[in-house]
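**Q** Questions regarding the structure given below will be posed in turn.
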Amino acid sequence: MVDTPASAPTEPAPTRAALVAVRPGAITLARHGEPALSRKCMLTSDQYRDWWAKYEVGGLRAGQTPPPELLATAEGAGAIYASTRPRAQETAAAAAAGKEVLTDALFIEAPLPPPHFPSWFKLPPKYWGGVARFWWHAFNHHEGQETRREAEARAEQAAQVLIARASSGQDVLVLAHGYFNHMVGKRLKAAGWKLVHNQGFRYWSQRRYEKR
């Protein structure tokens, strides 16, 4: 009689969920609503510096409501982040509809110190913002504030925080600021994320990234 070898214990079959990798959720970077501080003025470079300081601590213009598309994004998000600036906080309160918002200074705007121009030279705040951003970006004009290199490192750190959160499959929404969102978006693209929906940089706008 030939002995039959004992059969090895069988391993439980892996579940379908275990066989399929979790697809990362989307990351949406949204700009805050319209601030209360008026841009309808002409300012010297020194006046713009004071104007920007007030802008940084100011909130939103009264009477605004988030667009339906942003409300839908917030409703579907598994995690919502907001900058610590009041305009971002008020935007988050309006869009999140009572959901938890994670407040983090990691997402504040990159600084905008203007170059020193003669007092007879005046521009509206919108154009001073462009001039200040160019000087900061091209000539590293920071006046002791965050440098371009430091902001780029912060943007990389922010992107990695968002990627880690989205890796569980949750959609992630960030309510923050135009230029720093742009910097974070560049880091997401460098990490293989694709911009699939782009509303530009106007107030309340969204830019949605997905891992392809």
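Naming works like this for the structure tokens: A, B, ... for the chains as they're shown, residue 1 at the start of each chain, ligands 1 onward in shown order.
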Applying 8 Å and only C-alpha atoms, which residues near Arg148 of chain A remain after dropping the ones on its own chain fewer than 6 positions away? List them as number ranges by chain.
**A** A: 136-137, 140
**Q** Please provide the set of residues having any atom within 12 Å of Pro124 of chain A, restricted to only C-alpha atoms, with same-chain residues fewer than 3 positions apart removed, written as a list in words.
**A**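 Answer for this query is Ser38, Arg39, Lys40, Cys41, Met42, Leu43, Thr44, Ser45, Gln47, Tyr48, Trp51, Trp52, Phe121, Tyr127, Trp128, Gly129, Gly130 and Val131 of chain A.
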**Q** List the spatial neighbours of segment 97-105 of chain A as an mmCIF file with N, CA, C and O atoms, in the first residue's frame - criterion: any atom at most 12 Å away, only C-alpha atoms, same-chain residues fewer than 4 positions off excluded.
**A**
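Output saved as result.cif:
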data_model
loop_
_atom_site.group_PDB
_atom_site.id
_atom_site.type_symbol
_atom_site.label_atom_id
_atom_site.label_comp_id
_atom_site.auth_asym_id
_atom_site.auth_seq_id
_atom_site.Cartn_x
_atom_site.Cartn_y
_atom_site.Cartn_z
ATOM 1 N N THR A 65 -21.741 83.612 -1.429
ATOM 2 C CA THR A 65 -22.023 82.192 -1.202
ATOM 3 C C THR A 65 -21.141 81.376 -2.138
ATOM 4 O O THR A 65 -20.899 81.775 -3.281
ATOM 5 N N PRO A 66 -20.654 80.243 -1.674
ATOM 6 C CA PRO A 66 -19.805 79.409 -2.534
ATOM 7 C C PRO A 66 -20.586 78.909 -3.742
ATOM 8 O O PRO A 66 -21.790 78.649 -3.652
ATOM 9 N N LEU A 70 -18.277 74.016 -5.922
ATOM 10 C CA LEU A 70 -17.371 73.929 -4.776
ATOM 11 C C LEU A 70 -18.068 73.255 -3.598
ATOM 12 O O LEU A 70 -17.467 72.458 -2.875
ATOM 13 N N LEU A 71 -19.337 73.543 -3.409
ATOM 14 C CA LEU A 71 -20.096 72.879 -2.344
ATOM 15 C C LEU A 71 -20.138 71.371 -2.573
ATOM 16 O O LEU A 71 -20.015 70.579 -1.631
ATOM 17 N N ALA A 72 -20.294 70.967 -3.836
ATOM 18 C CA ALA A 72 -20.322 69.540 -4.157
ATOM 19 C C ALA A 72 -18.964 68.897 -3.888
ATOM 20 O O ALA A 72 -18.889 67.766 -3.382
ATOM 21 N N THR A 73 -17.891 69.610 -4.211
ATOM 22 C CA THR A 73 -16.542 69.084 -3.948
ATOM 23 C C THR A 73 -16.331 68.906 -2.450
ATOM 24 O O THR A 73 -15.795 67.881 -2.006
ATOM 25 N N ALA A 74 -16.747 69.888 -1.668
ATOM 26 C CA ALA A 74 -16.597 69.798 -0.216
ATOM 27 C C ALA A 74 -17.433 68.658 0.356
ATOM 28 O O ALA A 74 -16.985 67.931 1.254
ATOM 29 N N GLU A 75 -18.633 68.487 -0.173
ATOM 30 C CA GLU A 75 -19.506 67.415 0.323
ATOM 31 C C GLU A 75 -18.888 66.048 0.076
ATOM 32 O O GLU A 75 -18.998 65.134 0.896
ATOM 33 N N GLY A 76 -18.209 65.882 -1.063
ATOM 34 C CA GLY A 76 -17.629 64.591 -1.399
ATOM 35 C C GLY A 76 -16.234 64.367 -0.846
ATOM 36 O O GLY A 76 -15.693 63.260 -0.974
ATOM 37 N N ALA A 77 -15.654 65.378 -0.227
ATOM 38 C CA ALA A 77 -14.278 65.252 0.264
ATOM 39 C C ALA A 77 -14.222 64.451 1.563
ATOM 40 O O ALA A 77 -15.032 64.656 2.465
ATOM 41 N N GLY A 78 -13.225 63.583 1.649
ATOM 42 C CA GLY A 78 -13.003 62.864 2.896
ATOM 43 C C GLY A 78 -12.150 63.648 3.863
ATOM 44 O O GLY A 78 -12.116 63.356 5.062
ATOM 45 N N ALA A 79 -11.439 64.651 3.349
ATOM 46 C CA ALA A 79 -10.610 65.522 4.194
ATOM 47 C C ALA A 79 -10.607 66.918 3.587
ATOM 48 O O ALA A 79 -10.475 67.067 2.374
ATOM 49 N N ILE A 80 -10.764 67.919 4.442
ATOM 50 C CA ILE A 80 -10.763 69.314 4.005
ATOM 51 C C ILE A 80 -9.699 70.064 4.809
ATOM 52 O O ILE A 80 -9.711 70.040 6.044
ATOM 53 N N TYR A 81 -8.794 70.725 4.098
ATOM 54 C CA TYR A 81 -7.755 71.536 4.726
ATOM 55 C C TYR A 81 -8.009 73.009 4.411
ATOM 56 O O TYR A 81 -8.560 73.350 3.362
ATOM 57 N N ALA A 82 -7.569 73.891 5.302
ATOM 58 C CA ALA A 82 -7.658 75.324 5.061
ATOM 59 C C ALA A 82 -6.437 76.017 5.640
ATOM 60 O O ALA A 82 -5.898 75.604 6.675
ATOM 61 N N SER A 83 -6.001 77.064 4.961
ATOM 62 C CA SER A 83 -4.965 77.946 5.479
ATOM 63 C C SER A 83 -5.457 78.607 6.767
ATOM 64 O O SER A 83 -6.658 78.698 7.020
ATOM 65 N N THR A 84 -4.529 79.100 7.558
ATOM 66 C CA THR A 84 -4.892 79.782 8.802
ATOM 67 C C THR A 84 -5.363 81.215 8.582
ATOM 68 O O THR A 84 -5.860 81.842 9.519
ATOM 69 N N ARG A 85 -5.218 81.766 7.375
ATOM 70 C CA ARG A 85 -5.620 83.151 7.130
ATOM 71 C C ARG A 85 -7.137 83.292 7.215
ATOM 72 O O ARG A 85 -7.880 82.405 6.760
ATOM 73 N N PRO A 86 -7.636 84.421 7.764
ATOM 74 C CA PRO A 86 -9.088 84.576 7.926
ATOM 75 C C PRO A 86 -9.885 84.393 6.642
ATOM 76 O O PRO A 86 -10.973 83.801 6.662
ATOM 77 N N ALA A 88 -9.294 82.463 4.168
ATOM 78 C CA ALA A 88 -9.402 81.034 3.885
ATOM 79 C C ALA A 88 -10.301 80.341 4.907
ATOM 80 O O ALA A 88 -11.074 79.436 4.564
ATOM 81 N N GLN A 89 -10.203 80.756 6.161
ATOM 82 C CA GLN A 89 -11.041 80.166 7.205
ATOM 83 C C GLN A 89 -12.528 80.431 6.944
ATOM 84 O O GLN A 89 -13.370 79.540 7.095
ATOM 85 N N GLU A 90 -12.846 81.665 6.546
ATOM 86 C CA GLU A 90 -14.242 81.996 6.260
ATOM 87 C C GLU A 90 -14.733 81.259 5.018
ATOM 88 O O GLU A 90 -15.898 80.854 4.938
ATOM 89 N N THR A 91 -13.863 81.075 4.052
ATOM 90 C CA THR A 91 -14.208 80.301 2.864
ATOM 91 C C THR A 91 -14.515 78.857 3.252
ATOM 92 O O THR A 91 -15.500 78.269 2.788
ATOM 93 N N ALA A 92 -13.687 78.290 4.114
ATOM 94 C CA ALA A 92 -13.891 76.920 4.563
ATOM 95 C C ALA A 92 -15.212 76.777 5.330
ATOM 96 O O ALA A 92 -15.949 75.807 5.141
ATOM 97 N N ALA A 93 -15.499 77.745 6.187
ATOM 98 C CA ALA A 93 -16.738 77.688 6.962
ATOM 99 C C ALA A 93 -17.961 77.718 6.047
ATOM 100 O O ALA A 93 -18.961 77.030 6.293
ATOM 101 N N GLU A 109 -0.420 81.817 1.986
ATOM 102 C CA GLU A 109 0.116 82.365 0.747
ATOM 103 C C GLU A 109 1.605 82.676 0.878
ATOM 104 O O GLU A 109 2.101 83.006 1.964
ATOM 105 N N ALA A 110 2.322 82.550 -0.237
ATOM 106 C CA ALA A 110 3.707 83.007 -0.290
ATOM 107 C C ALA A 110 3.721 84.526 -0.159
ATOM 108 O O ALA A 110 2.791 85.204 -0.599
ATOM 109 N N ARG A 154 8.240 74.365 1.123
ATOM 110 C CA ARG A 154 6.944 74.249 1.820
ATOM 111 C C ARG A 154 5.883 73.674 0.883
ATOM 112 O O ARG A 154 5.055 72.862 1.301
ATOM 113 N N ALA A 155 5.906 74.087 -0.384
ATOM 114 C CA ALA A 155 4.949 73.550 -1.351
ATOM 115 C C ALA A 155 5.148 72.051 -1.547
ATOM 116 O O ALA A 155 4.172 71.292 -1.662
ATOM 117 N N GLN A 157 6.366 70.016 0.713
ATOM 118 C CA GLN A 157 5.866 69.395 1.941
ATOM 119 C C GLN A 157 4.337 69.320 1.916
ATOM 120 O O GLN A 157 3.741 68.288 2.266
ATOM 121 N N ALA A 158 3.682 70.399 1.481
ATOM 122 C CA ALA A 158 2.222 70.410 1.400
ATOM 123 C C ALA A 158 1.723 69.352 0.423
ATOM 124 O O ALA A 158 0.750 68.633 0.709
ATOM 125 N N VAL A 161 1.874 65.936 2.011
ATOM 126 C CA VAL A 161 0.804 65.761 2.997
ATOM 127 C C VAL A 161 -0.502 65.382 2.298
ATOM 128 O O VAL A 161 -1.216 64.463 2.713
ATOM 129 N N LEU A 162 -0.803 66.075 1.209
ATOM 130 C CA LEU A 162 -2.043 65.818 0.482
ATOM 131 C C LEU A 162 -2.016 64.459 -0.214
ATOM 132 O O LEU A 162 -3.020 63.731 -0.220
ATOM 133 N N ARG A 165 -2.621 61.774 2.308
ATOM 134 C CA ARG A 165 -4.023 61.704 2.731
ATOM 135 C C ARG A 165 -4.892 61.077 1.632
ATOM 136 O O ARG A 165 -5.796 60.286 1.910
ATOM 137 N N VAL A 172 -9.543 64.850 -1.405
ATOM 138 C CA VAL A 172 -9.021 65.872 -0.493
ATOM 139 C C VAL A 172 -9.271 67.247 -1.107
ATOM 140 O O VAL A 172 -9.037 67.459 -2.296
ATOM 141 N N LEU A 173 -9.733 68.179 -0.289
ATOM 142 C CA LEU A 173 -9.982 69.563 -0.718
ATOM 143 C C LEU A 173 -9.140 70.508 0.122
ATOM 144 O O LEU A 173 -9.075 70.369 1.347
ATOM 145 N N VAL A 174 -8.492 71.448 -0.537
ATOM 146 C CA VAL A 174 -7.711 72.490 0.147
ATOM 147 C C VAL A 174 -8.317 73.841 -0.193
ATOM 148 O O VAL A 174 -8.517 74.167 -1.362
ATOM 149 N N LEU A 175 -8.608 74.647 0.818
ATOM 150 C CA LEU A 175 -9.147 75.992 0.644
ATOM 151 C C LEU A 175 -8.062 76.968 1.079
ATOM 152 O O LEU A 175 -7.805 77.137 2.269
ATOM 153 N N ALA A 176 -7.421 77.575 0.091
ATOM 154 C CA ALA A 176 -6.238 78.381 0.416
ATOM 155 C C ALA A 176 -6.083 79.543 -0.559
ATOM 156 O O ALA A 176 -7.034 80.294 -0.776
ATOM 157 N N HIS A 177 -4.920 79.680 -1.176
ATOM 158 C CA HIS A 177 -4.557 80.916 -1.862
ATOM 159 C C HIS A 177 -4.033 80.659 -3.272
ATOM 160 O O HIS A 177 -3.429 79.616 -3.548
ATOM 161 N N PHE A 180 0.140 80.149 -3.968
ATOM 162 C CA PHE A 180 0.695 78.978 -3.298
ATOM 163 C C PHE A 180 0.007 77.704 -3.780
ATOM 164 O O PHE A 180 0.651 76.656 -3.910
#
**Q** Per DSSP on the backbone, what are the strand (DSSP E) residues of segment 51-208 of chain A, as a ChimeraX atom specification?
**A** /A:79-82,102-103,172-176,193-198,206-208
**Q** According to DSSP computed on the backbone, where in segment 31-203 of chain A is there alpha helix (DSSP H)? Give the residues as a ChimeraX atom specification.
**A** /A:45-57,68-76,86-96,125-139,148-166,178-190
**Q** Which polymer residues have any atom within 12 Å of an atom of Phe201 of chain A, counting only C-alpha atoms, with same-chain residues fewer than 6 positions away left out, as a VMD selection string?
**A** chain A and resid 29 to 34 176 to 182 207
